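Reviewing the structure listed below.
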Amino acid sequence: PIIMTQSKFAHKESLSYPYEERGLQFGDGIYEVVRIYEGKYYLFEEHVDRLFRSAEAIKLVLPFNKEELSNLLLELLKRNNMETNGKLYLQATRGSAPRDHVFPVDVLPNIYAYIQDQPRKTNTLEKGVNAITHRDMRWENCYIKSLNLLPNVMAKQVASENNCYEAILHRDGIVTECSSSNVYLVKDGKVYTHPTTKNILHGCVRMAIERFTEELGIPLIEEAFSLEDIQTADELFLSSSTSEITPIVKVDDLQIKDGNPGKVTRQLQSAYENDAN
Ligand code: PDD
């Protein structure tokens, strides 16, 4: 496989990282995951825009503009002869320097990007998944796609140990998002989801869902829902670049309605399929 590192292309094996690297030592960096369908990026501009927003939020100056980065990433697809379904992972850190919390001076960011196969998760898309609820233990700037994922990793691990796919995170009973996806509740034909404050990541698939609901005439209400609201929900679903729009059919010990994916979720899944193809 060919990767991109800094603004060049190289073989994967040639990538090595110094031990004094700010991404490794401080989690001082940002990342993106972009879906690829049949060799083409999906929601590409949204991801590139978000990467630059994250960079700005952590005062990281990237060594290229949006157009230059987009061209590099398109070139990466070509060099890998990518034609199948996959994903791109890109990260940018504040660079390599002797360990010091203060930003290093005159040090360039370390950047790399690679693509990988990622088949569609047809089974979970069809049947839905189970989730746990878990306290949101993250910081106040979850809108930044930061490399600091320890609370997300810890919550996802608890989900996994309980044979669940995701952890639905809440702050004092108010649901924010999941450990690596956004989450939505359907009640009486309306879709509820947390507003895009600093407490959640503004998902690129969420942006697409904003568009789909408008096209379908389904009200999307950007109001947070609570753990209590889940008890009486008609449907629940989550969204992310790798999970697309996945129904949630059980939360902790509670089955959602009859335990099958609901109608609104199915409508949005079809809209997604049409948009991505
Ligand atoms: N996760 N919320 C969180 C905390 C996320 O980590 C993600 C994405 C999302 C959904 O964002 P998007 O629709 O842009 O993929 C929401 C990626 C896929 C990951 O960390 O692997």
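Identifiers in the structure tokens: chain A, B, ... in order shown; residue index from 1 per chain; ligand index from 1 in order shown.
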What are the nearest atom pairs, with distances in Å to one decimal, for all residues of range 79-119 of chain A that come at most 9 Å from range 38-48 of chain A, using only C-alpha atoms, set out by chain and rising residue number as a Markdown table?
| residue | atom | partner | partner_atom | distance |
| --- | --- | --- | --- | --- |
| A:Asn81 | CA | A:Gly39 | CA | 8.1 |
| A:Met82 | CA | A:Gly39 | CA | 4.9 |
| A:Glu83 | CA | A:Gly39 | CA | 3.8 |
| A:Thr84 | CA | A:Glu38 | CA | 4.3 |
| A:Asn85 | CA | A:Glu38 | CA | 5.1 |
| A:Gly86 | CA | A:Gly39 | CA | 7.6 |
| A:Lys87 | CA | A:Tyr41 | CA | 8.1 |
| A:Leu88 | CA | A:Tyr41 | CA | 8.4 |
* **Near-ligand residues for ligand 1, threshold 6 Å, only C-alpha atoms and all ligand atoms, as a PyMOL selection string** => chain A and resi 33+179-182+201+203-206+239-242
* To do: Can you pull out every residue within 10 Å of Thr5 in chain A, counting only C-alpha atoms, but drop anything in the same chain fewer than 4 positions away, and send it as a PyMOL selection string?
  => chain A and resi 9-12+14-15+90-92+110-114
* Just list the residues in range 14-225 of chain A DSSP gives strand (DSSP E or B) on the backbone, as a PyMOL selection string. => chain A and resi 21+29-37+40-41+86-93+96+110-117+129-135+146+166-171+174-178+182-187+190-192+220-221
* Selection: 10 Å around Glu215 in chain A, only C-alpha atoms, excl. self and same-chain fewer than 5 positions, as a list of chain:residue names ->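 Within the cut-off, the hits are A:Ile209, A:Glu210, A:Ala271.
Residues in contact with Leu227 in chain A at 10 Å, where only C-alpha atoms are counted and same-chain residues fewer than 5 positions away are skipped, are listed as A:Thr133, A:Ile168, A:Leu169, A:His170, A:Arg171, A:Asp172, A:Gly173, A:Ile174, A:Val175, A:Thr232, A:Val251.
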* Residue neighbourhood Tyr31 in chain A, 9 Å, only C-alpha atoms, exclusion window fewer than 3 positions, as a ChimeraX atom specification -> /A:51,54,89-93,145-147
Excluding Asp100 in chain A and any residue of its chain fewer than 2 positions from it, enumerate the residues within 10 Å of it, using only C-alpha atoms, and give them as a tab-separated table (two decimals) with C-alpha atoms, in the first residue's frame.
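And here's selection-v7.tsv as it stands now:
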chain	number	residue	atom	x	y	z
A	20	GLU	CA	9.32	12.14	20.89
A	22	ARG	CA	3.46	15.06	20.04
A	25	GLN	CA	3.18	11.80	23.83
A	26	PHE	CA	0.31	14.28	24.21
A	97	ALA	CA	10.20	17.84	19.32
A	98	PRO	CA	11.78	17.29	22.76
A	102	VAL	CA	4.40	24.25	25.29
A	103	PHE	CA	4.07	24.26	21.48
A	104	PRO	CA	7.44	23.75	19.76
* range 43-185 of chain A: residues DSSP assigns to alpha helix (DSSP H), reported as a ChimeraX atom specification -> /A:44-57,66-79,122-127,150-161
* Identify which of the residues A:Leu268, A:Ala55, A:Ile132, A:Leu77 lies closest to Asp252 in chain A, counting only C-alpha atoms when measuring atom-to-atom distances. =>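 For Asp252 in chain A, the nearest of the candidates is A:Ile132.
Comparing the minimum interatomic distances between Leu60 in chain A and each of A:Leu72, A:Pro1, A:Tyr165, A:Arg94, counting only C-alpha atoms, we find that A:Arg94 sits nearest.
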* To do: Rounded to one decimal place, report the CA of Glu235 in chain A-CA of Gly262 in chain A distance in Å.
  => 5.6 Å
* Pick from A:Asn199, A:Gln6, A:Asn274, A:Thr213 nearest to Glu177 in chain A, counting only C-alpha atoms -> A:Asn199
* Top pick for closest residue to Asn123 in chain A, considering A:Ser7, A:Ser243, A:Asn148, A:Ser160 and counting only C-alpha atoms ->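 Between A:Ser7, A:Ser243, A:Asn148, A:Ser160, the residue approaching Asn123 in chain A most closely is A:Ser243.
Comparing A:Asn65, A:Thr124, A:Gln255, A:Thr176 by their smallest distance to Met137 in chain A, the closest is A:Thr176 (using only C-alpha atoms).
Distances from A:Lys127, A:Lys156, A:Lys121, A:His202 to Gly259 in chain A were compared using only C-alpha atoms, and the smallest one belongs to A:Lys127.
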